[in-house]
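Visitor: Dropping in entry-v7.json, with JSON, C-alpha atoms.
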```
[["chain", "number", "residue", "atom", "x", "y", "z"],
["A", 1, "MET", "CA", 16.44, -11.26, -34.29],
["A", 2, "VAL", "CA", 15.31, -8.32, -32.20],
["A", 3, "PRO", "CA", 18.13, -5.82, -31.51],
["A", 4, "ILE", "CA", 19.32, -5.52, -27.93],
["A", 5, "SER", "CA", 18.34, -1.84, -27.81],
["A", 6, "PHE", "CA", 14.64, -2.76, -28.15],
["A", 7, "TYR", "CA", 14.78, -4.85, -24.99],
["A", 8, "LEU", "CA", 16.69, -2.11, -23.18],
["A", 9, "GLY", "CA", 14.13, 0.43, -24.41],
["A", 10, "LEU", "CA", 11.33, -1.67, -22.93],
["A", 11, "SER", "CA", 13.30, -1.89, -19.69],
["A", 12, "VAL", "CA", 13.74, 1.89, -19.64],
["A", 13, "ILE", "CA", 10.03, 2.51, -20.27],
["A", 14, "LEU", "CA", 8.99, 0.12, -17.49],
["A", 15, "PHE", "CA", 11.52, 1.67, -15.10],
["A", 16, "SER", "CA", 10.32, 5.20, -15.86],
["A", 17, "LEU", "CA", 6.69, 4.19, -15.40],
["A", 18, "GLY", "CA", 7.61, 2.68, -12.04],
["A", 19, "ALA", "CA", 9.45, 5.87, -11.06],
["A", 20, "LEU", "CA", 6.42, 7.90, -12.12],
["A", 21, "GLY", "CA", 4.25, 5.72, -9.91],
["A", 22, "VAL", "CA", 6.52, 6.34, -6.92],
["A", 23, "ILE", "CA", 6.46, 10.09, -7.59],
["A", 24, "LEU", "CA", 2.79, 10.58, -8.41],
["A", 25, "ARG", "CA", 0.83, 8.17, -6.26],
["A", 26, "ARG", "CA", 0.17, 8.68, -2.56],
["A", 27, "ASN", "CA", -1.10, 5.23, -1.63],
["A", 28, "ALA", "CA", 1.80, 3.41, 0.02],
["A", 29, "ILE", "CA", 0.76, 0.05, -1.45],
["A", 30, "ILE", "CA", 0.78, 1.47, -5.00],
["A", 31, "ILE", "CA", 4.21, 2.98, -4.32],
["A", 32, "PHE", "CA", 5.43, -0.46, -3.29],
["A", 33, "MET", "CA", 4.02, -2.01, -6.46],
["A", 34, "SER", "CA", 5.77, 0.66, -8.54],
["A", 35, "LEU", "CA", 9.01, -0.24, -6.77],
["A", 36, "GLU", "CA", 8.48, -3.86, -7.73],
["A", 37, "MET", "CA", 8.02, -2.80, -11.34],
["A", 38, "MET", "CA", 11.32, -0.89, -11.22],
["A", 39, "PHE", "CA", 13.04, -4.03, -9.89],
["A", 40, "ASN", "CA", 11.44, -5.92, -12.75],
["A", 41, "ALA", "CA", 12.73, -3.47, -15.35],
["A", 42, "ALA", "CA", 16.25, -3.74, -13.94],
["A", 43, "ASN", "CA", 15.95, -7.53, -14.00],
["A", 44, "LEU", "CA", 15.00, -7.39, -17.68],
["A", 45, "ALA", "CA", 18.17, -5.45, -18.45],
["A", 46, "PHE", "CA", 20.21, -8.01, -16.47],
["A", 47, "ILE", "CA", 18.71, -10.90, -18.44],
["A", 48, "VAL", "CA", 19.33, -9.15, -21.77],
["A", 49, "PHE", "CA", 22.97, -8.52, -20.94],
["A", 50, "ALA", "CA", 23.40, -12.07, -19.61],
["A", 51, "LEU", "CA", 22.41, -13.32, -23.07],
["A", 52, "TYR", "CA", 24.44, -10.65, -24.87],
["A", 53, "TYR", "CA", 27.69, -11.43, -23.04],
["A", 54, "GLN", "CA", 26.87, -15.16, -22.70],
["A", 55, "ASN", "CA", 27.50, -14.91, -18.96],
["A", 56, "LEU", "CA", 25.22, -16.60, -16.45],
["A", 57, "SER", "CA", 26.14, -14.23, -13.61],
["A", 58, "GLY", "CA", 23.48, -11.80, -14.82],
["A", 59, "GLN", "CA", 20.76, -14.38, -14.35],
["A", 60, "ILE", "CA", 22.10, -15.31, -10.90],
["A", 61, "PHE", "CA", 21.95, -11.66, -9.94],
["A", 62, "VAL", "CA", 18.30, -11.52, -11.00],
["A", 63, "PHE", "CA", 17.70, -14.48, -8.70],
["A", 64, "PHE", "CA", 19.21, -12.54, -5.79],
["A", 65, "VAL", "CA", 17.24, -9.41, -6.65],
["A", 66, "MET", "CA", 14.06, -11.49, -6.50],
["A", 67, "THR", "CA", 14.89, -12.86, -3.04],
["A", 68, "VAL", "CA", 15.78, -9.45, -1.67],
["A", 69, "ALA", "CA", 12.58, -8.02, -3.18],
["A", 70, "ALA", "CA", 10.56, -10.76, -1.48],
["A", 71, "ALA", "CA", 12.16, -9.98, 1.89],
["A", 72, "GLU", "CA", 11.63, -6.27, 1.37],
["A", 73, "VAL", "CA", 7.96, -6.74, 0.48],
["A", 74, "ALA", "CA", 7.36, -8.91, 3.53],
["A", 75, "VAL", "CA", 8.85, -6.35, 5.92],
["A", 76, "GLY", "CA", 7.32, -3.39, 4.05],
["A", 77, "LEU", "CA", 3.80, -4.78, 4.10],
["A", 78, "ALA", "CA", 4.18, -5.68, 7.78],
["A", 79, "LEU", "CA", 5.21, -2.08, 8.45],
["A", 80, "MET", "CA", 2.21, -0.89, 6.47],
["A", 81, "VAL", "CA", -0.15, -3.03, 8.53],
["A", 82, "ALA", "CA", 1.44, -1.69, 11.75],
["A", 83, "ILE", "CA", 1.14, 1.92, 10.52],
["A", 84, "PHE", "CA", -2.47, 1.32, 9.51],
["A", 85, "ARG", "CA", -3.23, -0.01, 13.00],
["A", 86, "SER", "CA", -1.98, 3.11, 14.73],
["A", 87, "LYS", "CA", -2.88, 5.83, 12.18],
["A", 88, "HIS", "CA", -5.77, 4.25, 10.22],
["A", 89, "THR", "CA", -4.31, 5.45, 6.93],
["A", 90, "ILE", "CA", -1.51, 4.46, 4.57],
["A", 91, "ASP", "CA", -1.57, 7.69, 2.62],
["A", 92, "VAL", "CA", 2.09, 8.75, 2.68],
["A", 93, "ASP", "CA", 1.14, 12.42, 3.08],
["A", 94, "ASP", "CA", -0.59, 11.63, 6.39],
["A", 95, "VAL", "CA", 2.34, 9.64, 7.76],
["A", 96, "SER", "CA", 4.64, 12.57, 8.42],
["A", 97, "SER", "CA", 5.14, 12.48, 12.20],
["A", 98, "LEU", "CA", 8.93, 12.59, 11.79],
["A", 99, "LYS", "CA", 8.76, 15.83, 9.82],
["A", 100, "GLY", "CA", 10.09, 18.67, 11.97],
["B", 1, "MET", "CA", 12.73, -13.63, -38.17],
["B", 2, "ALA", "CA", 9.55, -11.62, -38.44],
["B", 3, "GLY", "CA", 7.91, -13.91, -35.90],
["B", 4, "THR", "CA", 10.26, -12.92, -33.09],
["B", 5, "PHE", "CA", 9.71, -9.24, -33.89],
["B", 6, "ILE", "CA", 5.93, -9.63, -33.79],
["B", 7, "LEU", "CA", 6.12, -11.63, -30.56],
["B", 8, "PHE", "CA", 8.38, -9.02, -28.96],
["B", 9, "PHE", "CA", 6.12, -6.13, -29.93],
["B", 10, "ILE", "CA", 2.98, -7.88, -28.69],
["B", 11, "LEU", "CA", 4.70, -8.63, -25.37],
["B", 12, "ALA", "CA", 6.18, -5.15, -25.06],
["B", 13, "VAL", "CA", 2.87, -3.41, -25.76],
["B", 14, "THR", "CA", 1.11, -5.67, -23.26],
["B", 15, "ALA", "CA", 3.73, -5.01, -20.59],
["B", 16, "ILE", "CA", 3.64, -1.24, -21.09],
["B", 17, "ALA", "CA", -0.17, -1.16, -21.19],
["B", 18, "ALA", "CA", -0.32, -3.16, -17.96],
["B", 19, "ALA", "CA", 2.20, -0.82, -16.35],
["B", 20, "ILE", "CA", 0.18, 2.25, -17.36],
["B", 21, "GLY", "CA", -2.98, 0.54, -16.13],
["B", 22, "MET", "CA", -1.32, -0.07, -12.77],
["B", 23, "LEU", "CA", -0.24, 3.55, -12.63],
["B", 24, "VAL", "CA", -3.63, 5.16, -13.35],
["B", 25, "SER", "CA", -6.21, 2.80, -11.87],
["B", 26, "ARG", "CA", -7.86, 4.23, -8.76],
["B", 27, "ASN", "CA", -8.56, 0.90, -7.12],
["B", 28, "ALA", "CA", -5.53, -0.80, -5.57],
["B", 29, "VAL", "CA", -6.89, -4.27, -6.37],
["B", 30, "TYR", "CA", -6.98, -3.44, -10.09],
["B", 31, "SER", "CA", -3.45, -2.07, -9.79],
["B", 32, "ALA", "CA", -2.27, -5.36, -8.30],
["B", 33, "LEU", "CA", -3.96, -7.37, -11.05],
["B", 34, "PHE", "CA", -2.40, -5.14, -13.74],
["B", 35, "LEU", "CA", 0.98, -5.68, -12.12],
["B", 36, "ILE", "CA", 0.48, -9.47, -12.26],
["B", 37, "VAL", "CA", -0.19, -9.15, -16.01],
["B", 38, "ASN", "CA", 3.00, -7.10, -16.33],
["B", 39, "PHE", "CA", 5.06, -9.69, -14.43],
["B", 40, "ALA", "CA", 3.66, -12.57, -16.47],
["B", 41, "THR", "CA", 4.42, -10.75, -19.73],
["B", 42, "VAL", "CA", 7.97, -9.99, -18.66],
["B", 43, "ALA", "CA", 8.35, -13.66, -17.68],
["B", 44, "VAL", "CA", 7.46, -14.64, -21.26],
["B", 45, "ILE", "CA", 10.08, -12.14, -22.49],
["B", 46, "TYR", "CA", 12.60, -13.89, -20.20],
["B", 47, "LEU", "CA", 11.66, -17.18, -21.89],
["B", 48, "THR", "CA", 12.41, -15.71, -25.33],
["B", 49, "LEU", "CA", 15.75, -14.45, -23.94],
["B", 50, "GLY", "CA", 16.84, -17.94, -22.93],
["B", 51, "ALA", "CA", 16.21, -17.71, -19.20],
["B", 52, "PRO", "CA", 13.63, -20.44, -18.45],
["B", 53, "PHE", "CA", 14.63, -20.82, -14.79],
["B", 54, "ILE", "CA", 14.33, -17.11, -14.07],
["B", 55, "ALA", "CA", 11.06, -16.93, -16.02],
["B", 56, "LEU", "CA", 9.46, -19.62, -13.89],
["B", 57, "ALA", "CA", 10.93, -18.15, -10.70],
["B", 58, "GLN", "CA", 9.37, -14.83, -11.76],
["B", 59, "ILE", "CA", 5.97, -16.48, -12.12],
["B", 60, "THR", "CA", 6.13, -18.35, -8.82],
["B", 61, "VAL", "CA", 7.86, -15.74, -6.67],
["B", 62, "TYR", "CA", 6.59, -12.45, -8.11],
["B", 63, "ALA", "CA", 3.25, -13.19, -9.75],
["B", 64, "GLY", "CA", 2.56, -15.89, -7.18],
["B", 65, "ALA", "CA", 3.89, -15.22, -3.70],
["B", 66, "ILE", "CA", 4.57, -11.47, -3.66],
["B", 67, "MET", "CA", 1.38, -10.42, -5.42],
["B", 68, "VAL", "CA", -0.73, -12.71, -3.24],
["B", 69, "LEU", "CA", 0.84, -10.94, -0.27],
["B", 70, "PHE", "CA", -0.03, -7.57, -1.82],
["B", 71, "LEU", "CA", -3.64, -8.57, -2.53],
["B", 72, "PHE", "CA", -3.94, -10.00, 0.97],
["B", 73, "VAL", "CA", -2.79, -6.74, 2.58],
["B", 74, "ILE", "CA", -4.94, -4.62, 0.25],
["B", 75, "MET", "CA", -8.03, -6.58, 1.19],
["B", 76, "LEU", "CA", -7.04, -6.65, 4.86],
["B", 77, "LEU", "CA", -6.76, -2.87, 4.98],
["B", 78, "GLY", "CA", -9.74, -2.17, 2.69],
["B", 79, "ALA", "CA", -8.40, -0.68, -0.52],
["B", 80, "GLU", "CA", -11.60, 0.97, -1.71],
["B", 81, "LYS", "CA", -11.56, 3.43, 1.18],
["B", 82, "LEU", "CA", -7.90, 4.21, 0.69],
["B", 83, "ALA", "CA", -8.18, 4.80, -3.03],
["B", 84, "ILE", "CA", -10.44, 7.85, -2.73],
["B", 85, "ARG", "CA", -7.85, 10.39, -1.70],
["B", 86, "GLY", "CA", -4.31, 9.66, -2.67],
["B", 87, "LYS", "CA", -3.65, 12.20, -5.34],
["B", 88, "ALA", "CA", -0.71, 14.55, -5.34],
["B", 89, "PRO", "CA", -1.27, 18.29, -5.88],
["B", 90, "ALA", "CA", -1.37, 19.38, -9.52],
["B", 91, "TRP", "CA", 2.02, 21.08, -9.54],
["B", 92, "GLN", "CA", 3.64, 17.99, -8.00],
["B", 93, "GLN", "CA", 1.99, 15.80, -10.62],
["B", 94, "ALA", "CA", 3.23, 18.03, -13.44],
["B", 95, "LEU", "CA", 6.75, 18.18, -12.01],
["B", 96, "GLY", "CA", 6.81, 14.44, -11.40],
["B", 97, "THR", "CA", 5.64, 13.69, -14.94],
["B", 98, "VAL", "CA", 8.29, 15.99, -16.42],
["B", 99, "LEU", "CA", 11.05, 14.43, -14.29],
["B", 100, "GLY", "CA", 9.91, 10.90, -15.09],
["B", 101, "LEU", "CA", 9.87, 11.61, -18.81],
["B", 102, "LEU", "CA", 13.31, 13.22, -18.42],
["B", 103, "VAL", "CA", 14.67, 9.98, -16.91],
["B", 104, "MET", "CA", 13.12, 8.05, -19.79],
["B", 105, "GLY", "CA", 14.61, 10.46, -22.35],
["B", 106, "GLU", "CA", 18.08, 10.34, -20.83],
["B", 107, "ALA", "CA", 18.15, 6.55, -20.74],
["B", 108, "ALA", "CA", 16.78, 6.30, -24.30],
["B", 109, "TYR", "CA", 19.44, 8.79, -25.47],
["B", 110, "LEU", "CA", 22.20, 6.65, -23.95],
["B", 111, "ILE", "CA", 20.85, 3.48, -25.55],
["B", 112, "VAL", "CA", 20.39, 5.01, -28.99],
["B", 113, "PHE", "CA", 23.85, 6.55, -29.06],
["B", 114, "ARG", "CA", 25.63, 3.41, -27.95],
["B", 115, "SER", "CA", 25.81, 2.01, -31.46],
["B", 116, "ARG", "CA", 27.23, -1.32, -30.27],
["B", 117, "LEU", "CA", 23.93, -2.09, -28.59],
["B", 118, "ALA", "CA", 22.03, -1.92, -31.88],
["B", 119, "GLU", "CA", 23.31, -5.29, -33.04],
["B", 120, "PRO", "CA", 20.81, -8.14, -32.91],
["B", 121, "LEU", "CA", 20.96, -10.63, -30.06],
["B", 122, "ALA", "CA", 22.13, -14.14, -30.83],
["B", 123, "LEU", "CA", 19.57, -16.90, -30.46],
["B", 124, "PRO", "CA", 20.01, -18.52, -27.06],
["B", 125, "SER", "CA", 21.42, -22.02, -27.29],
["B", 126, "SER", "CA", 19.30, -24.68, -25.64],
["B", 127, "ASN", "CA", 21.70, -25.40, -22.75],
["B", 128, "PHE", "CA", 22.88, -21.83, -22.10],
["B", 129, "ALA", "CA", 20.77, -21.28, -18.98],
["B", 130, "SER", "CA", 19.36, -24.69, -18.21],
["B", 131, "PRO", "CA", 18.51, -25.28, -14.55],
["B", 132, "ALA", "CA", 21.59, -27.51, -14.30],
["B", 133, "ALA", "CA", 23.90, -24.74, -15.55],
["B", 134, "ILE", "CA", 22.25, -22.19, -13.22],
["B", 135, "GLY", "CA", 22.62, -24.58, -10.29],
["B", 136, "LEU", "CA", 26.32, -25.14, -11.01],
["B", 137, "VAL", "CA", 27.05, -21.39, -11.07],
["B", 138, "LEU", "CA", 24.83, -20.73, -8.04],
["B", 139, "PHE", "CA", 26.31, -23.43, -5.81],
["B", 140, "LYS", "CA", 29.94, -23.04, -6.87],
["B", 141, "GLN", "CA", 30.67, -19.41, -7.67],
["B", 142, "TYR", "CA", 27.87, -17.81, -5.62],
["B", 143, "LEU", "CA", 27.57, -20.21, -2.68],
["B", 144, "LEU", "CA", 28.24, -17.62, 0.05],
["B", 145, "PRO", "CA", 25.76, -15.01, -1.29],
["B", 146, "PHE", "CA", 23.21, -17.80, -1.58],
["B", 147, "GLU", "CA", 23.63, -18.71, 2.10],
["B", 148, "VAL", "CA", 23.57, -15.05, 3.14],
["B", 149, "THR", "CA", 20.29, -14.71, 1.24],
["B", 150, "SER", "CA", 18.79, -17.46, 3.38],
["B", 151, "VAL", "CA", 19.73, -15.53, 6.52],
["B", 152, "LEU", "CA", 18.22, -12.39, 5.00],
["B", 153, "LEU", "CA", 14.94, -14.19, 4.36],
["B", 154, "LEU", "CA", 14.91, -15.51, 7.92],
["B", 155, "VAL", "CA", 15.49, -12.00, 9.29],
["B", 156, "ALA", "CA", 12.71, -10.64, 7.10],
["B", 157, "MET", "CA", 10.33, -13.34, 8.31],
["B", 158, "VAL", "CA", 11.11, -12.70, 11.98],
["B", 159, "GLY", "CA", 10.84, -8.94, 11.40],
["B", 160, "ALA", "CA", 7.46, -9.24, 9.72],
["B", 161, "ILE", "CA", 6.13, -11.39, 12.57],
["B", 162, "VAL", "CA", 7.43, -9.00, 15.24],
["B", 163, "LEU", "CA", 6.03, -5.94, 13.44],
["B", 164, "THR", "CA", 2.53, -7.36, 13.12],
["B", 165, "ARG", "CA", 2.39, -9.09, 16.51],
["B", 166, "PRO", "CA", -1.01, -8.42, 18.09],
["B", 167, "GLY", "CA", -1.22, -6.52, 21.36],
["B", 168, "LYS", "CA", 1.71, -4.31, 20.51],
["B", 169, "THR", "CA", 1.24, -0.95, 18.88],
["B", 170, "ILE", "CA", 3.99, 1.28, 17.52],
["B", 171, "ALA", "CA", 3.47, 3.75, 20.37],
["B", 172, "GLY", "CA", 3.12, 0.86, 22.84],
["B", 173, "SER", "CA", 3.03, 2.05, 26.48],
["B", 174, "HIS", "CA", 4.89, -0.85, 28.06],
["B", 175, "LEU", "CA", 6.51, -3.66, 26.19],
["B", 176, "VAL", "CA", 7.32, -7.09, 27.52],
["B", 177, "THR", "CA", 10.89, -7.11, 26.36],
["B", 178, "ALA", "CA", 13.34, -9.97, 26.48],
["B", 179, "GLU", "CA", 15.33, -8.22, 29.21],
["B", 180, "THR", "CA", 12.45, -8.03, 31.67],
["B", 181, "ILE", "CA", 11.62, -11.67, 31.11],
["B", 182, "SER", "CA", 15.19, -12.82, 31.57],
["B", 183, "ALA", "CA", 15.55, -10.63, 34.68],
["B", 184, "GLY", "CA", 12.66, -12.55, 36.23],
["B", 185, "LYS", "CA", 10.43, -9.48, 36.50],
["B", 186, "SER", "CA", 6.81, -9.55, 35.49],
["B", 187, "PRO", "CA", 5.49, -6.68, 33.37],
["B", 188, "LEU", "CA", 3.48, -5.50, 36.38],
["B", 189, "GLU", "CA", 6.63, -5.11, 38.47],
["B", 190, "GLU", "CA", 8.23, -3.27, 35.63],
["B", 191, "GLN", "CA", 5.31, -0.86, 35.57],
["B", 192, "HIS", "CA", 5.47, -0.46, 39.34],
["B", 193, "GLY", "CA", 9.18, 0.26, 39.09],
["B", 194, "ASP", "CA", 8.41, 3.00, 36.56],
["B", 195, "LEU", "CA", 5.88, 4.45, 39.00],
["B", 196, "MET", "CA", 8.44, 4.51, 41.83],
["B", 197, "VAL", "CA", 10.92, 6.30, 39.60],
["B", 198, "TYR", "CA", 8.19, 8.80, 38.75],
["B", 199, "GLU", "CA", 7.43, 9.38, 42.43],
["B", 200, "LYS", "CA", 11.12, 10.00, 43.13],
["B", 201, "GLN", "CA", 11.16, 12.56, 40.33],
["B", 202, "ILE", "CA", 8.17, 14.35, 41.87],
["B", 203, "GLU", "CA", 9.86, 14.37, 45.29],
["B", 204, "SER", "CA", 13.07, 15.82, 43.90],
["B", 205, "GLU", "CA", 11.05, 18.47, 42.07],
["B", 206, "GLU", "CA", 9.32, 19.41, 45.35],
["B", 207, "VAL", "CA", 12.69, 19.68, 47.06],
["B", 208, "ARG", "CA", 13.91, 21.91, 44.27],
["B", 209, "GLY", "CA", 10.75, 23.99, 44.60],
["B", 210, "LYS", "CA", 11.43, 24.50, 48.34],
["B", 211, "VAL", "CA", 14.93, 25.61, 47.53],
["B", 212, "ALA", "CA", 13.67, 27.98, 44.90],
["B", 213, "GLY", "CA", 11.39, 29.51, 47.52],
["B", 214, "PRO", "CA", 9.02, 32.31, 46.49],
["B", 215, "ASN", "CA", 8.96, 31.37, 42.80],
["B", 216, "LYS", "CA", 6.92, 28.27, 43.59],
["B", 217, "ASP", "CA", 4.07, 30.37, 45.00],
["B", 218, "ASP", "CA", 4.01, 32.47, 41.86],
["B", 219, "VAL", "CA", 3.67, 29.38, 39.74],
["B", 220, "SER", "CA", 0.88, 27.94, 41.89],
["B", 221, "ARG", "CA", -1.05, 31.23, 41.83],
["B", 222, "ARG", "CA", -0.98, 31.29, 38.07]]
```
Is it possible to give me this structure as structure tokens?
Guide:
Amino acid sequence: MVPISFYLGLSVILFSLGALGVILRRNAIIIFMSLEMMFNAANLAFIVFALYYQNLSGQIFVFFVMTVAAAEVAVGLALMVAIFRSKHTIDVDDVSSLKG
Amino acid sequence: MAGTFILFFILAVTAIAAAIGMLVSRNAVYSALFLIVNFATVAVIYLTLGAPFIALAQITVYAGAIMVLFLFVIMLLGAEKLAIRGKAPAWQQALGTVLGLLVMGEAAYLIVFRSRLAEPLALPSSNFASPAAIGLVLFKQYLLPFEVTSVLLLVAMVGAIVLTRPGKTIAGSHLVTAETISAGKSPLEEQHGDLMVYEKQIESEEVRGKVAGPNKDDVSRR
């Protein structure tokens, strides 16, 4: 069977790529997608450890992460539509009105 | 034995390639499609890890609902226009890449040097995470979090509707709030009330100007 560290390595790579997306991209929608990928990487680690410790709580937690991610995406995309209506951009560098 | 290794490597390479594709593609629609590939691949990995319920939830919730929402918003806002600029300055890109690789290196270091984690995973038994077992844990041990989650989803739904309600901008001049409606005032009266307050302010400023005396003339001359 595949060692547990391989799965965790894949999780780490996906998480880092998601973090890179948040850092490097300026399109708010791409940043959101990168966030989703980071959630996904964390979920993968949860599933791996649920199997490793033979404990279903890990899988239940993934279920909750998915629901919270769905709620977050709904509100986030609504915010993005509202920002686009008033500013006509979703480039995060242009949305800096709160900066002193 | 070798089959599971080959399957894992195919899935892992596909997932990483899709993630990189999402990261570098200039068009947001392509990014979303790459992300769907990534989610589907990870769902298959969940299946091999003995989590069929979570795998199918991943397909329906993530690859289905959430990504449809993403594509909908991308097409609503016009992604092709937005994809043109959207690049960080070079020094930020270099710094971000270095920091991201640092995170990856740190995490990989921790995994490699935890020797306990190198042992192979046991094959999942067929009834380890069956939907029945998941349901029992979810509705017995985690009943309260489950109910709280439903409230959270309701709040998110109401919030999304309120945020995108037409006729109301973020810098909206006058809002028809619940208080004005319950107080029996129409929005017009509310506006008129604002005007009266404004007039009072002007009056009081004039009074203050009279008290101040000669300074007012200086201001008006300028």
Visitor: Give me the residues near stretch 88-93 of chain A as a list in words, where near means some atom within 6 Å (using only C-alpha atoms) and where sequence neighbours in that chain fewer than 3 positions away do not count.
Guide: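 That gives Arg26, Asn27, Ala28, Phe84 and Arg85 of chain A.
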Visitor: Could you take the residues named above and write them with C-alpha atoms, as a compact mmCIF listing (two decimals), keeping the file's coordinate frame?
Guide:
```
# COMPACT_ATOMS: atom_id res chain seq x y z
CA ARG A 26 0.17 8.68 -2.56
CA ASN A 27 -1.10 5.23 -1.63
CA ALA A 28 1.80 3.41 0.02
CA PHE A 84 -2.47 1.32 9.51
CA ARG A 85 -3.23 -0.01 13.00
```
Visitor: Taking only C-alpha atoms into account, name the residue in B:Ala132, B:Ala57, B:Val155, B:Leu123 that is nearest to A:Tyr52.
Guide: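 Nearest candidate to A:Tyr52 out of B:Ala132, B:Ala57, B:Val155, B:Leu123: B:Leu123.
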Visitor: Grab the atom CA of B:Ala43 to atom CA of B:Thr14 distance for me, in Å with one decimal place.
Guide: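 Distance between the two atoms: 12.1 Å.
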Visitor: What is the distance, in Å and to one decimal place, between atom CA of B:Ile111 and atom CA of B:Met22?
Guide: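 Interatomic distance, atom CA of B:Ile111 to atom CA of B:Met22: 25.8 Å.
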Visitor: Please identify every residue of chain A that has at least one atom no more than 6 Å from any atom of chain B, counting only C-alpha atoms, and report them as a compact mmCIF listing (two decimals) with C-alpha atoms, keeping the file's coordinate frame.
Guide:
```
# COMPACT_ATOMS: atom_id res chain seq x y z
CA MET A 1 16.44 -11.26 -34.29
CA VAL A 2 15.31 -8.32 -32.20
CA PRO A 3 18.13 -5.82 -31.51
CA ILE A 4 19.32 -5.52 -27.93
CA SER A 5 18.34 -1.84 -27.81
CA SER A 16 10.32 5.20 -15.86
CA LEU A 20 6.42 7.90 -12.12
CA GLY A 21 4.25 5.72 -9.91
CA ILE A 23 6.46 10.09 -7.59
CA LEU A 24 2.79 10.58 -8.41
CA ARG A 26 0.17 8.68 -2.56
CA ASN A 27 -1.10 5.23 -1.63
CA ALA A 71 12.16 -9.98 1.89
CA VAL A 75 8.85 -6.35 5.92
CA ALA A 78 4.18 -5.68 7.78
CA ALA A 82 1.44 -1.69 11.75
```
Visitor: Rank nothing, just name the residue among A:Leu35, A:Phe64, A:Ala70, A:Leu98 nearest to A:Leu17, using all atoms listed in the file.
Guide: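 The closest residue to A:Leu17 is A:Leu35.
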Visitor: What does the distance between atom CA of B:Thr60 and atom CA of A:Phe32 come to in Å, to one decimal place?
Guide: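 Rounded to one decimal, the two atoms are 18.7 Å apart.
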